[in-house]
>>> print(open('protein-v7.cif').read())   # mmCIF, C-alpha atoms
data_data
loop_
_atom_site.label_atom_id
_atom_site.label_comp_id
_atom_site.auth_asym_id
_atom_site.auth_seq_id
_atom_site.Cartn_x
_atom_site.Cartn_y
_atom_site.Cartn_z
CA MET A 20 18.13 -25.35 37.91
CA PRO A 21 18.94 -21.87 36.47
CA THR A 22 22.21 -21.44 34.58
CA GLN A 23 23.73 -19.00 37.06
CA GLU A 24 22.85 -21.24 39.99
CA ARG A 25 24.55 -24.16 38.30
CA ALA A 26 27.60 -21.98 37.70
CA ASN A 27 27.80 -21.12 41.37
CA ARG A 28 28.27 -24.73 42.34
CA PHE A 29 31.92 -25.31 43.15
CA ALA A 30 32.33 -28.57 41.24
CA THR A 31 30.29 -31.10 39.33
CA ALA A 32 30.44 -34.84 39.86
CA PRO A 33 32.62 -35.40 36.76
CA THR A 34 35.03 -32.73 38.00
CA ALA A 35 35.35 -34.40 41.39
CA LEU A 36 35.84 -37.82 39.83
CA LEU A 37 38.53 -36.57 37.49
CA PHE A 38 40.51 -34.91 40.25
CA ALA A 39 40.12 -37.92 42.53
CA ALA A 40 41.43 -40.19 39.79
CA LEU A 41 44.38 -37.89 39.17
CA LEU A 42 45.13 -37.70 42.88
CA PHE A 43 45.14 -41.47 43.41
CA PHE A 44 47.13 -42.09 40.23
CA ALA A 45 49.80 -39.54 41.12
CA ALA A 46 49.89 -40.70 44.73
CA GLY A 47 50.53 -44.24 43.53
CA LEU A 48 53.36 -43.06 41.34
CA ALA A 49 54.85 -41.06 44.18
CA ALA A 50 54.80 -44.12 46.40
CA ALA A 51 56.49 -46.16 43.69
CA ALA A 52 59.38 -43.78 43.02
CA GLU A 53 60.84 -40.71 44.68
CA THR A 54 61.11 -39.02 41.28
CA PHE A 55 57.35 -38.34 41.34
CA SER A 56 55.64 -35.63 43.37
CA ILE A 57 52.16 -34.19 43.65
CA HIS A 58 50.94 -30.94 45.11
CA GLY A 59 47.56 -29.26 45.24
CA PHE A 60 45.98 -25.92 45.91
CA GLY A 61 42.51 -24.50 46.15
CA THR A 62 40.18 -21.73 47.21
CA LEU A 63 36.68 -21.84 48.57
CA GLY A 64 35.44 -18.32 48.02
CA ALA A 65 32.29 -16.28 48.51
CA VAL A 66 31.68 -12.77 47.20
CA ARG A 67 28.81 -10.32 46.87
CA THR A 68 28.29 -6.62 46.13
CA ASP A 69 25.87 -3.95 47.31
CA GLY A 70 24.29 -3.37 43.90
CA ASP A 71 22.91 -5.07 40.81
CA ASP A 72 23.66 -2.52 38.08
CA VAL A 73 26.78 -4.48 37.09
CA GLU A 74 28.14 -7.95 37.77
CA PHE A 75 31.55 -8.09 39.44
CA VAL A 76 34.06 -10.57 37.96
CA ARG A 77 37.53 -11.68 38.95
CA ASP A 78 38.80 -10.95 35.44
CA LEU A 79 37.51 -10.74 31.88
CA SER A 80 37.77 -14.50 31.29
CA GLN A 81 34.58 -15.00 33.33
CA ALA A 82 31.28 -14.93 31.42
CA ARG A 83 29.11 -13.83 34.33
CA GLY A 84 29.75 -12.23 37.69
CA THR A 85 28.07 -11.62 40.99
CA GLY A 86 25.73 -8.87 42.18
CA ASP A 87 23.90 -8.33 45.45
CA HIS A 88 23.88 -12.03 46.29
CA TRP A 89 26.58 -14.36 47.58
CA SER A 90 28.33 -16.37 44.88
CA ALA A 91 30.93 -19.12 45.16
CA ALA A 92 31.76 -19.08 41.44
CA THR A 93 33.93 -15.97 41.17
CA ASP A 94 36.91 -17.01 43.31
CA SER A 95 36.60 -20.75 43.95
CA ALA A 96 39.16 -23.01 42.30
CA PHE A 97 40.94 -26.33 42.74
CA GLY A 98 44.20 -27.49 41.20
CA LEU A 99 46.56 -30.45 41.21
CA GLN A 100 50.14 -30.42 40.00
CA ALA A 101 52.18 -33.54 39.34
CA GLY A 102 55.91 -33.57 38.70
CA TRP A 103 58.29 -36.25 37.44
CA GLN A 104 62.08 -35.96 37.43
CA PRO A 105 63.48 -38.81 35.32
CA ALA A 106 67.02 -37.38 35.53
CA ALA A 107 68.85 -34.64 37.41
CA GLN A 108 68.52 -32.12 34.56
CA TRP A 109 65.02 -33.05 33.38
CA GLN A 110 61.55 -32.47 34.82
CA VAL A 111 58.01 -33.02 33.54
CA VAL A 112 55.18 -30.96 35.10
CA VAL A 113 51.41 -31.25 34.56
CA GLN A 114 48.87 -29.02 36.31
CA ALA A 115 45.09 -29.51 36.16
CA LEU A 116 42.81 -26.66 37.20
CA SER A 117 39.08 -26.25 37.78
CA ARG A 118 37.80 -22.65 37.91
CA TYR A 119 34.84 -20.64 36.64
CA ARG A 120 35.47 -20.41 32.89
CA TYR A 121 34.42 -18.41 29.87
CA ASP A 122 31.81 -21.08 29.04
CA ARG A 123 30.12 -20.72 32.48
CA SER A 124 31.36 -24.09 33.70
CA PHE A 125 33.96 -25.47 36.09
CA ARG A 126 35.14 -28.02 33.55
CA PRO A 127 38.72 -29.02 34.45
CA GLU A 128 41.49 -28.08 32.07
CA ILE A 129 45.19 -28.78 31.75
CA ALA A 130 46.68 -25.42 32.68
CA TRP A 131 50.34 -26.45 32.47
CA ALA A 132 52.01 -29.39 30.72
CA PHE A 133 55.67 -28.85 29.97
CA VAL A 134 59.12 -30.42 29.88
CA LYS A 135 61.91 -28.55 31.66
CA TYR A 136 65.62 -28.97 30.93
CA GLU A 137 68.43 -27.38 32.94
CA PRO A 138 71.73 -27.90 31.10
CA THR A 139 73.49 -25.77 33.74
CA PRO A 140 72.37 -24.65 37.22
CA ASN A 141 71.69 -21.12 35.99
CA LEU A 142 69.91 -21.91 32.69
CA SER A 143 66.37 -23.26 32.42
CA LEU A 144 64.59 -24.25 29.19
CA ARG A 145 60.89 -25.21 29.03
CA ALA A 146 58.57 -26.27 26.25
CA GLY A 147 54.88 -27.21 26.18
CA ARG A 148 51.85 -25.56 27.74
CA LEU A 149 53.15 -22.74 29.96
CA GLY A 150 51.59 -20.16 32.26
CA THR A 151 51.66 -16.55 31.06
CA GLU A 152 54.06 -14.17 32.78
CA PHE A 153 53.03 -10.85 31.25
CA PHE A 154 53.01 -9.19 34.68
CA MET A 155 54.80 -9.99 37.92
CA LEU A 156 52.87 -12.66 39.91
CA ALA A 157 50.57 -13.31 36.92
CA ASP A 158 51.41 -17.00 36.51
CA SER A 159 50.16 -17.85 40.02
CA ARG A 160 46.90 -15.85 39.95
CA TRP A 161 44.75 -18.87 40.87
CA VAL A 162 46.93 -20.02 43.77
CA GLY A 163 45.06 -17.97 46.35
CA TYR A 164 47.30 -19.09 49.22
CA SER A 165 50.28 -17.34 47.57
CA PHE A 166 48.48 -13.96 47.65
CA LEU A 167 47.95 -11.82 50.71
CA THR A 168 44.61 -10.61 49.33
CA VAL A 169 41.48 -12.62 48.50
CA ARG A 170 42.22 -12.15 44.78
CA PRO A 171 44.82 -10.27 42.72
CA PRO A 172 43.75 -6.59 42.47
CA GLY A 173 41.43 -6.32 39.48
CA ASP A 174 42.34 -2.79 38.38
CA TYR A 175 45.78 -4.20 37.57
CA PHE A 176 45.02 -7.78 36.44
CA TRP A 177 41.60 -7.43 34.70
CA TYR A 178 43.25 -6.99 31.31
CA LEU A 179 44.89 -10.45 31.40
CA PRO A 180 42.05 -12.88 30.59
CA PHE A 181 44.44 -15.52 29.20
CA TYR A 182 46.39 -17.93 31.36
CA SER A 183 48.57 -20.17 29.22
CA ILE A 184 50.34 -20.52 25.90
CA HIS A 185 51.67 -23.35 23.74
CA GLY A 186 55.31 -22.48 23.33
CA ALA A 187 58.72 -22.30 24.97
CA ASP A 188 60.79 -20.09 27.25
CA ALA A 189 64.37 -19.70 28.41
CA ALA A 190 65.48 -18.25 31.76
CA LEU A 191 69.00 -17.29 32.79
CA THR A 192 70.04 -16.47 36.38
CA LEU A 193 73.34 -14.73 37.19
CA PRO A 194 74.88 -13.30 40.37
CA ALA A 195 75.01 -9.50 40.58
CA GLY A 196 76.62 -7.94 43.64
CA GLU A 197 74.76 -9.11 46.73
CA GLY A 198 71.78 -10.25 44.68
CA ILE A 199 70.88 -12.12 41.52
CA VAL A 200 69.65 -11.06 38.09
CA ARG A 201 67.15 -13.24 36.26
CA GLY A 202 65.99 -12.79 32.70
CA LYS A 203 63.41 -14.73 30.73
CA LEU A 204 62.26 -14.77 27.10
CA PHE A 205 59.16 -16.62 25.88
CA TYR A 206 57.23 -17.27 22.70
CA GLY A 207 54.02 -19.17 22.11
CA ARG A 208 50.43 -19.15 20.92
CA SER A 209 47.49 -18.39 23.17
CA ARG A 210 44.66 -20.68 24.18
CA GLY A 211 41.01 -20.27 25.05
CA SER A 212 38.26 -17.73 24.51
CA ILE A 213 37.09 -14.46 26.04
CA PRO A 214 33.31 -14.09 26.62
CA LEU A 215 31.49 -11.26 24.90
CA ALA A 216 27.80 -11.23 25.88
CA ASP A 217 26.57 -14.70 24.81
CA GLU A 218 29.33 -15.11 22.22
CA GLN A 219 32.99 -16.07 22.52
CA TRP A 220 36.01 -14.17 21.20
CA ASP A 221 38.35 -16.88 19.98
CA ILE A 222 41.96 -16.05 20.89
CA ARG A 223 43.39 -19.47 20.08
CA GLY A 224 46.51 -19.41 17.96
CA SER A 225 47.29 -15.74 18.61
CA PRO A 226 51.11 -15.46 18.84
CA MET A 227 52.62 -14.00 22.00
CA VAL A 228 56.22 -12.97 22.62
CA GLY A 229 57.83 -11.27 25.58
CA GLY A 230 60.19 -11.38 28.48
CA TYR A 231 61.30 -9.78 31.70
CA LEU A 232 64.39 -8.72 33.60
CA GLU A 233 64.38 -9.11 37.38
CA TYR A 234 66.74 -8.25 40.22
CA GLN A 235 66.46 -9.75 43.70
CA SER A 236 68.50 -8.83 46.74
CA GLY A 237 67.50 -9.79 50.26
CA PRO A 238 63.87 -8.79 50.81
CA TRP A 239 63.70 -6.72 47.60
CA GLN A 240 62.52 -7.93 44.22
CA VAL A 241 62.09 -5.65 41.19
CA ARG A 242 60.98 -6.61 37.68
CA GLY A 243 60.41 -4.91 34.35
CA SER A 244 58.37 -6.82 31.74
CA TYR A 245 57.28 -6.49 28.14
CA ALA A 246 55.03 -8.69 26.01
CA ASN A 247 52.90 -8.39 22.93
CA LEU A 248 50.04 -10.37 21.42
CA ARG A 249 48.79 -10.39 17.82
CA PHE A 250 45.14 -11.41 17.58
CA GLU A 251 44.22 -14.02 14.99
CA HIS A 252 40.45 -13.44 15.11
CA ASP A 253 38.00 -10.54 15.15
CA LEU A 254 35.59 -9.78 17.97
CA PRO A 255 32.18 -11.43 17.38
CA LEU A 256 30.53 -8.01 17.18
CA ALA A 257 28.03 -8.68 14.38
CA PRO A 258 26.08 -11.47 16.17
CA VAL A 259 26.25 -9.64 19.53
CA LEU A 260 24.88 -6.37 18.17
CA LEU A 261 22.18 -8.13 16.16
CA LYS A 262 21.05 -10.21 19.13
CA GLU A 263 21.38 -7.57 21.84
CA ALA A 264 20.14 -4.47 19.99
CA GLY A 265 18.86 -5.59 16.60
CA ILE A 266 21.68 -3.65 14.89
CA VAL A 267 23.27 -4.83 11.65
CA LEU A 268 26.99 -4.00 11.74
CA ALA A 269 27.98 -1.89 8.73
CA GLN A 270 31.12 -2.84 6.83
CA ALA A 271 32.77 0.51 7.59
CA ASP A 272 32.24 -0.07 11.32
CA ALA A 273 33.48 -3.66 11.06
CA ASP A 274 36.67 -2.44 9.37
CA PHE A 275 37.19 0.23 12.04
CA LEU A 276 36.62 -2.24 14.90
CA LYS A 277 38.63 -5.17 13.56
CA THR A 278 41.02 -6.94 15.93
CA ARG A 279 42.38 -9.59 13.57
CA GLY A 280 45.99 -8.81 12.73
CA THR A 281 46.28 -6.06 15.35
CA ARG A 282 48.89 -6.17 18.09
CA THR A 283 48.55 -5.30 21.78
CA HIS A 284 51.63 -4.31 23.81
CA TYR A 285 51.95 -4.90 27.56
CA TYR A 286 54.47 -2.97 29.66
CA SER A 287 54.78 -3.49 33.40
CA PHE A 288 56.91 -2.72 36.43
CA GLY A 289 56.79 -4.55 39.75
CA LEU A 290 58.41 -3.98 43.14
CA VAL A 291 58.01 -6.34 46.11
CA TYR A 292 59.40 -6.06 49.64
CA ASP A 293 58.96 -9.03 51.96
CA LYS A 294 60.83 -9.26 55.24
CA GLY A 295 59.71 -10.36 58.68
CA PRO A 296 56.19 -9.14 59.39
CA LEU A 297 56.13 -6.51 56.62
CA GLN A 298 55.04 -7.14 53.03
CA ALA A 299 54.59 -4.43 50.39
CA HIS A 300 53.82 -4.36 46.64
CA LEU A 301 53.93 -1.63 44.00
CA MET A 302 52.77 -2.63 40.49
CA LEU A 303 52.31 -0.47 37.40
CA ASN A 304 51.32 -1.30 33.82
CA HIS A 305 50.57 0.29 30.48
CA ILE A 306 48.62 -1.56 27.79
CA GLU A 307 48.74 -0.20 24.25
CA GLN A 308 45.92 -1.58 22.13
CA GLY A 309 46.43 -1.94 18.40
CA SER A 310 42.70 -2.21 17.67
CA ASN A 311 40.32 0.75 17.59
CA ALA A 312 37.74 -1.43 19.37
CA LEU A 313 39.74 -1.49 22.61
CA GLU A 314 40.96 1.47 24.61
CA SER A 315 44.58 1.65 25.78
CA SER A 316 44.95 1.78 29.54
CA ASP A 317 47.18 2.52 32.52
CA GLY A 318 46.79 0.67 35.80
CA GLY A 319 48.51 -0.08 39.05
CA TYR A 320 48.19 -0.86 42.73
CA ALA A 321 50.01 -0.41 46.03
CA LEU A 322 49.59 -2.86 48.91
CA VAL A 323 50.95 -3.05 52.46
CA GLY A 324 50.43 -5.85 54.98
CA TYR A 325 51.83 -6.34 58.47
CA ARG A 326 51.78 -9.70 60.23
CA VAL A 327 51.04 -9.96 63.95
CA GLY A 328 51.18 -13.59 65.03
CA GLU A 329 48.71 -15.53 62.89
CA TRP A 330 46.97 -12.37 61.65
CA THR A 331 47.98 -10.12 58.76
CA PRO A 332 45.84 -7.02 58.20
CA TYR A 333 46.43 -5.28 54.88
CA LEU A 334 45.47 -2.11 53.05
CA GLY A 335 45.71 -1.29 49.37
CA TYR A 336 44.84 1.17 46.63
CA SER A 337 44.45 0.53 42.90
CA ARG A 338 43.67 2.65 39.86
CA VAL A 339 42.86 2.04 36.20
CA TYR A 340 42.16 4.54 33.44
CA SER A 341 41.74 4.04 29.70
CA LYS A 342 41.40 6.36 26.73
CA ALA A 343 40.21 5.88 23.17
CA GLY A 344 42.33 6.29 20.06
CA LYS A 345 40.76 7.27 16.74
CA ARG A 346 37.33 8.85 16.64
CA PRO A 347 34.61 6.28 15.84
CA PRO A 348 32.95 6.74 12.43
CA SER A 349 29.41 6.16 13.78
CA GLN A 350 27.30 5.92 16.92
CA VAL A 351 27.36 2.13 16.66
CA ALA A 352 31.16 2.03 16.61
CA GLY A 353 31.22 4.56 19.44
CA TYR A 354 28.94 2.35 21.49
CA VAL A 355 31.31 -0.60 21.05
CA VAL A 356 34.40 1.44 21.94
CA ALA A 357 32.67 2.85 25.04
CA ASP A 358 32.20 -0.71 26.27
CA SER A 359 35.99 -1.00 26.70
CA HIS A 360 36.35 2.14 28.84
CA SER A 361 37.69 2.04 32.41
CA ASP A 362 38.02 4.91 34.85
CA GLN A 363 37.97 3.95 38.50
CA LYS A 364 39.94 3.69 41.71
CA THR A 365 39.59 1.11 44.46
CA VAL A 366 40.48 1.13 48.13
CA PHE A 367 40.66 -2.38 49.55
CA ALA A 368 41.27 -3.60 53.08
CA GLY A 369 41.20 -6.98 54.72
CA VAL A 370 42.78 -9.47 57.03
CA ARG A 371 44.41 -12.85 56.53
CA TRP A 372 44.36 -15.46 59.31
CA ASP A 373 46.86 -18.31 58.97
CA PHE A 374 45.09 -20.45 61.53
CA ALA A 375 46.76 -23.76 60.62
CA ARG A 376 49.60 -25.10 58.52
CA ASN A 377 48.91 -24.48 54.80
CA LEU A 378 45.48 -22.98 55.56
CA ALA A 379 44.49 -19.33 55.42
CA LEU A 380 41.14 -17.62 55.98
CA LYS A 381 40.63 -14.14 54.51
CA ALA A 382 38.01 -11.40 54.61
CA GLN A 383 38.13 -8.31 52.39
CA TRP A 384 36.24 -5.17 51.44
CA ASP A 385 36.72 -3.35 48.12
CA GLY A 386 35.38 0.15 47.74
CA ILE A 387 35.20 0.91 44.01
CA ARG A 388 34.69 4.54 43.07
CA GLY A 389 34.60 5.33 39.38
CA ASP A 390 32.84 7.18 36.62
CA ALA A 391 29.52 5.95 35.31
CA ASP A 392 31.15 5.20 31.95
CA SER A 393 33.63 2.75 33.53
CA LEU A 394 32.10 -0.41 32.03
CA PHE A 395 34.94 -2.61 30.83
CA PRO A 396 35.66 -4.48 34.10
CA TYR A 397 32.08 -5.75 34.49
CA ARG A 398 29.38 -7.97 33.02
CA GLN A 399 25.66 -7.35 32.38
CA ASP A 400 25.97 -3.57 32.81
CA ARG A 401 22.88 -1.40 33.08
CA ARG A 402 24.24 1.87 31.71
CA ALA A 403 21.12 3.85 32.48
CA THR A 404 21.46 3.40 36.27
CA TRP A 405 25.13 2.50 36.88
CA ASP A 406 26.94 5.33 38.69
CA GLY A 407 30.41 3.78 38.96
CA ARG A 408 30.24 3.11 42.71
CA LEU A 409 30.33 -0.40 44.15
CA ASN A 410 31.23 -2.11 47.41
CA VAL A 411 32.47 -5.69 47.20
CA PHE A 412 32.56 -8.06 50.19
CA SER A 413 34.64 -11.24 49.97
CA MET A 414 35.66 -14.22 52.07
CA SER A 415 37.91 -17.12 51.14
CA LEU A 416 39.53 -20.23 52.53
CA ASP A 417 42.84 -20.95 50.75
CA PHE A 418 44.88 -24.11 51.07
CA VAL A 419 47.90 -25.92 49.64
CA PHE A 420 49.13 -29.46 50.12
#
>>> encode(input="protein-v7.cif", output="structure tokens")
Amino acid sequence: MPTQERANRFATAPTALLFAALLFFAAGLAAAAETFSIHGFGTLGAVRTDGDDVEFVRDLSQARGTGDHWSAATDSAFGLQAGWQPAAQWQVVVQALSRYRYDRSFRPEIAWAFVKYEPTPNLSLRAGRLGTEFFMLADSRWVGYSFLTVRPPGDYFWYLPFYSIHGADAALTLPAGEGIVRGKLFYGRSRGSIPLADEQWDIRGSPMVGGYLEYQSGPWQVRGSYANLRFEHDLPLAPVLLKEAGIVLAQADADFLKTRGTRTHYYSFGLVYDKGPLQAHLMLNHIEQGSNALESSDGGYALVGYRVGEWTPYLGYSRVYSKAGKRPPSQVAGYVVADSHSDQKTVFAGVRWDFARNLALKAQWDGIRGDADSLFPYRQDRRATWDGRLNVFSMSLDFVF
């Protein structure tokens, strides 16, 4: 069976067995004591495009994407989360997740595994394996049921290909007028890899630090966030260029394109309104890259949905644009830098049908209109024929339990 076809299968037998074992084990614990709980979530997704000049991916953590054929790999996922509360102020949480990974498999991983301590009702301390909260809503990106859309808008979220850190955070919540103010600080080291052609960019051990300040009052929620990441490893450019184009990377180019020791800064602003039938989002970000190999970018999206009974039609617009820093010293370095360029806008529209309790069916169209040199958000690009225009058609069944 071809590699891509295997990747499109939602789960392998070992994956299913592992999740079944976890489910029965946690269910047994829950029956034995009320301090245990288990919850699950998942998405059965299908997506295709109207072209094959690029492969569309959910984000840059995915090694391959989909073209003009239906694929279940891009959006499908399954997760289980178990919680144990041994005392009133203590909680232990473990979350397992199966999704299409950087290594082209659905191998399950432990996404979260942390201990939470609340010495007072307004102070929360956590340590262990934590979800990343660089942007608003980022830590729940794979819980499709929590999003109005089929997937989080890519022009805004593409640049976050990492999902968890080993570290700690502290959150403080205080009353403020008719609302509440919540602040969080975190520090940790990243996990995983980012695919680059047939190689992997190792981001393990890269230190991350950041935080956010949020205000919530009634249906309004507003958040400002900042985070930075210092890479511990260089991009695997030498083997990629040699294998893909037969080019030997010169030392001067390697020095110019280094990522090790460079720091990337993430700034974001989020505004959410959710009351009655109306839901609206406005998200903006700026990413300042410390490496010459990666272009700095600005992105954002606006989304409006209106619920009528079980149906919620929605309409959105997103935009991303990047620009290079220093001038590359050679054509080879310029070729690498060009691979990180983005310049496109997307109009997306769809409908969500909450046809049963904890079940939602969605259908969505994305109309991507960009320049031909907008290559960063995609895989397997054919630069000679790609014109920057793509239509993406998606369907998903989301559930929680």
>>> residues_near_point(input="protein-v7.cif", point="(63.8, -26.4, 33.7)", cutoff="6 Å", atoms="all atoms listed in the file", output="PyMOL selection string")
chain A and resi 135-137+143-145
>>> residues_around(input="protein-v7.cif", residues="range 205-209 of chain A", least_positions_apart="2", cutoff="9 Å", atoms="all atoms listed in the file", output="compact mmCIF listing (two decimals) with C-alpha atoms, in the frame of the given file")
# COMPACT_ATOMS: atom_id res chain seq x y z
CA ARG A 148 51.85 -25.56 27.74
CA LEU A 149 53.15 -22.74 29.96
CA GLU A 152 54.06 -14.17 32.78
CA PHE A 181 44.44 -15.52 29.20
CA TYR A 182 46.39 -17.93 31.36
CA SER A 183 48.57 -20.17 29.22
CA ILE A 184 50.34 -20.52 25.90
CA HIS A 185 51.67 -23.35 23.74
CA GLY A 186 55.31 -22.48 23.33
CA ALA A 187 58.72 -22.30 24.97
CA ASP A 188 60.79 -20.09 27.25
CA ALA A 189 64.37 -19.70 28.41
CA ALA A 190 65.48 -18.25 31.76
CA LYS A 203 63.41 -14.73 30.73
CA GLY A 211 41.01 -20.27 25.05
CA ILE A 222 41.96 -16.05 20.89
CA ARG A 223 43.39 -19.47 20.08
CA GLY A 224 46.51 -19.41 17.96
CA SER A 225 47.29 -15.74 18.61
CA PRO A 226 51.11 -15.46 18.84
CA MET A 227 52.62 -14.00 22.00
CA VAL A 228 56.22 -12.97 22.62
CA GLY A 229 57.83 -11.27 25.58
CA GLY A 230 60.19 -11.38 28.48
CA ALA A 246 55.03 -8.69 26.01
CA LEU A 248 50.04 -10.37 21.42
>>> resolve_selection(input="protein-v7.cif", expression="the PyMOL selection byres ((chain A and resi 406-420) around 6)", output="PyMOL selection string")
chain A and resi 58-69+163-164+377-391+405
>>> residues_around(input="protein-v7.cif", residues="Asp400 in chain A", least_positions_apart="6", cutoff="10 Å", atoms="all atoms listed in the file", output="list of chain:residue names")
A:Asp71, A:Asp72, A:Val73, A:Glu74, A:Phe75, A:Asp358, A:Ser393, A:Leu394
>>> closest_atom_pairs(input="protein-v7.cif", of="range 224-322 of chain A", to="range 340-350 of chain A", cutoff="9 Å", atoms="all atoms listed in the file", output="tab-separated table")
residue	atom	partner	partner_atom	distance
A:Ala271	CA	A:Pro348	CA	7.9
A:Asp272	CA	A:Pro348	CA	6.9
A:Phe275	CA	A:Pro347	CA	7.6
A:Leu276	CA	A:Pro347	CA	8.8
A:Gln308	CA	A:Gly344	CA	8.9
A:Ser310	CA	A:Gly344	CA	8.8
A:Asn311	CA	A:Gly344	CA	6.4
A:Ala312	CA	A:Ala343	CA	8.6
A:Leu313	CA	A:Ala343	CA	7.4
A:Glu314	CA	A:Ala343	CA	4.7
A:Ser315	CA	A:Ser341	CA	5.4
A:Ser316	CA	A:Ser341	CA	3.9
A:Asp317	CA	A:Tyr340	CA	5.5
A:Gly318	CA	A:Tyr340	CA	6.5
>>> write_last_selection(input="protein-v7.cif", atoms="C-alpha atoms", output="compact mmCIF listing (two decimals), keeping the file's coordinate frame")
# COMPACT_ATOMS: atom_id res chain seq x y z
CA ALA A 271 32.77 0.51 7.59
CA ASP A 272 32.24 -0.07 11.32
CA PHE A 275 37.19 0.23 12.04
CA LEU A 276 36.62 -2.24 14.90
CA GLN A 308 45.92 -1.58 22.13
CA SER A 310 42.70 -2.21 17.67
CA ASN A 311 40.32 0.75 17.59
CA ALA A 312 37.74 -1.43 19.37
CA LEU A 313 39.74 -1.49 22.61
CA GLU A 314 40.96 1.47 24.61
CA SER A 315 44.58 1.65 25.78
CA SER A 316 44.95 1.78 29.54
CA ASP A 317 47.18 2.52 32.52
CA GLY A 318 46.79 0.67 35.80
>>> resolve_selection(input="protein-v7.cif", expression="the PyMOL selection byres ((chain A and resi 167) around 9)", output="list in words")
Gly163, Tyr164, Ser165, Phe166, Thr168, Val169, Arg170, Pro171, Gln298, Gly324, Thr331, Tyr333, Val370, Arg371 and Lys381 of chain A
>>> atom_distance(input="protein-v7.cif", atom1="CA of Asp94 in chain A", atom2="CA of Ala368 in chain A")
17.2 Å
>>> residues_near_point(input="protein-v7.cif", point="(54.7, -2.8, 56.4)", cutoff="10 Å", atoms="only C-alpha atoms", output="JSON, numbers by chain")
{"A": [292, 293, 294, 295, 296, 297, 298, 299, 300, 322, 323, 324, 325, 326, 332, 333, 334]}
>>> atom_distance(input="protein-v7.cif", atom1="CA of Pro255 in chain A", atom2="CA of Val76 in chain A")
20.7 Å
>>> residues_around(input="protein-v7.cif", residues="Arg118 in chain A", least_positions_apart="6", cutoff="7 Å", atoms="all atoms listed in the file", output="PyMOL selection string")
chain A and resi 95-97+125
>>> resolve_selection(input="protein-v7.cif", expression="the PyMOL selection byres ((chain A and resi 116) around 6)", output="ChimeraX atom specification")
/A:97-98,115,117,127-128
>>> write_last_selection(input="protein-v7.cif", atoms="C-alpha atoms", output="compact mmCIF listing (two decimals), keeping the file's coordinate frame")
# COMPACT_ATOMS: atom_id res chain seq x y z
CA PHE A 97 40.94 -26.33 42.74
CA GLY A 98 44.20 -27.49 41.20
CA ALA A 115 45.09 -29.51 36.16
CA SER A 117 39.08 -26.25 37.78
CA PRO A 127 38.72 -29.02 34.45
CA GLU A 128 41.49 -28.08 32.07
>>> decode(input="protein-v7.cif", residues="range 194-206 of chain A", atoms="N, CA and C atoms", output="PDB file, in the first residue's frame")
ATOM      1  N   PRO A 194     -11.208  39.774  40.150  1.00  0.00           N
ATOM      2  CA  PRO A 194     -12.370  40.540  39.688  1.00  0.00           C
ATOM      3  C   PRO A 194     -11.951  41.935  39.242  1.00  0.00           C
ATOM      4  N   ALA A 195     -12.642  42.455  38.235  1.00  0.00           N
ATOM      5  CA  ALA A 195     -12.360  43.792  37.720  1.00  0.00           C
ATOM      6  C   ALA A 195     -13.666  44.389  37.212  1.00  0.00           C
ATOM      7  N   GLY A 196     -14.271  45.255  37.997  1.00  0.00           N
ATOM      8  CA  GLY A 196     -15.553  45.827  37.610  1.00  0.00           C
ATOM      9  C   GLY A 196     -16.613  44.747  37.497  1.00  0.00           C
ATOM     10  N   GLU A 197     -17.281  44.700  36.344  1.00  0.00           N
ATOM     11  CA  GLU A 197     -18.308  43.692  36.115  1.00  0.00           C
ATOM     12  C   GLU A 197     -17.739  42.432  35.488  1.00  0.00           C
ATOM     13  N   GLY A 198     -16.441  42.391  35.292  1.00  0.00           N
ATOM     14  CA  GLY A 198     -15.815  41.230  34.673  1.00  0.00           C
ATOM     15  C   GLY A 198     -14.679  40.683  35.507  1.00  0.00           C
ATOM     16  N   ILE A 199     -13.827  39.897  34.873  1.00  0.00           N
ATOM     17  CA  ILE A 199     -12.666  39.325  35.545  1.00  0.00           C
ATOM     18  C   ILE A 199     -11.429  39.519  34.662  1.00  0.00           C
ATOM     19  N   VAL A 200     -10.289  39.641  35.313  1.00  0.00           N
ATOM     20  CA  VAL A 200      -9.006  39.719  34.631  1.00  0.00           C
ATOM     21  C   VAL A 200      -8.230  38.449  34.949  1.00  0.00           C
ATOM     22  N   ARG A 201      -7.653  37.847  33.920  1.00  0.00           N
ATOM     23  CA  ARG A 201      -6.873  36.631  34.107  1.00  0.00           C
ATOM     24  C   ARG A 201      -5.522  36.811  33.439  1.00  0.00           C
ATOM     25  N   GLY A 202      -4.478  36.499  34.154  1.00  0.00           N
ATOM     26  CA  GLY A 202      -3.144  36.559  33.597  1.00  0.00           C
ATOM     27  C   GLY A 202      -2.442  35.233  33.769  1.00  0.00           C
ATOM     28  N   LYS A 203      -1.586  34.881  32.819  1.00  0.00           N
ATOM     29  CA  LYS A 203      -0.840  33.631  32.896  1.00  0.00           C
ATOM     30  C   LYS A 203       0.580  33.849  32.402  1.00  0.00           C
ATOM     31  N   LEU A 204       1.533  33.197  33.092  1.00  0.00           N
ATOM     32  CA  LEU A 204       2.922  33.153  32.677  1.00  0.00           C
ATOM     33  C   LEU A 204       3.333  31.695  32.537  1.00  0.00           C
ATOM     34  N   PHE A 205       4.150  31.371  31.525  1.00  0.00           N
ATOM     35  CA  PHE A 205       4.589  29.994  31.357  1.00  0.00           C
ATOM     36  C   PHE A 205       6.045  29.946  30.911  1.00  0.00           C
ATOM     37  N   TYR A 206       6.677  28.833  31.206  1.00  0.00           N
ATOM     38  CA  TYR A 206       8.029  28.560  30.738  1.00  0.00           C
ATOM     39  C   TYR A 206       8.162  27.063  30.525  1.00  0.00           C
TER      40      TYR A 206
END
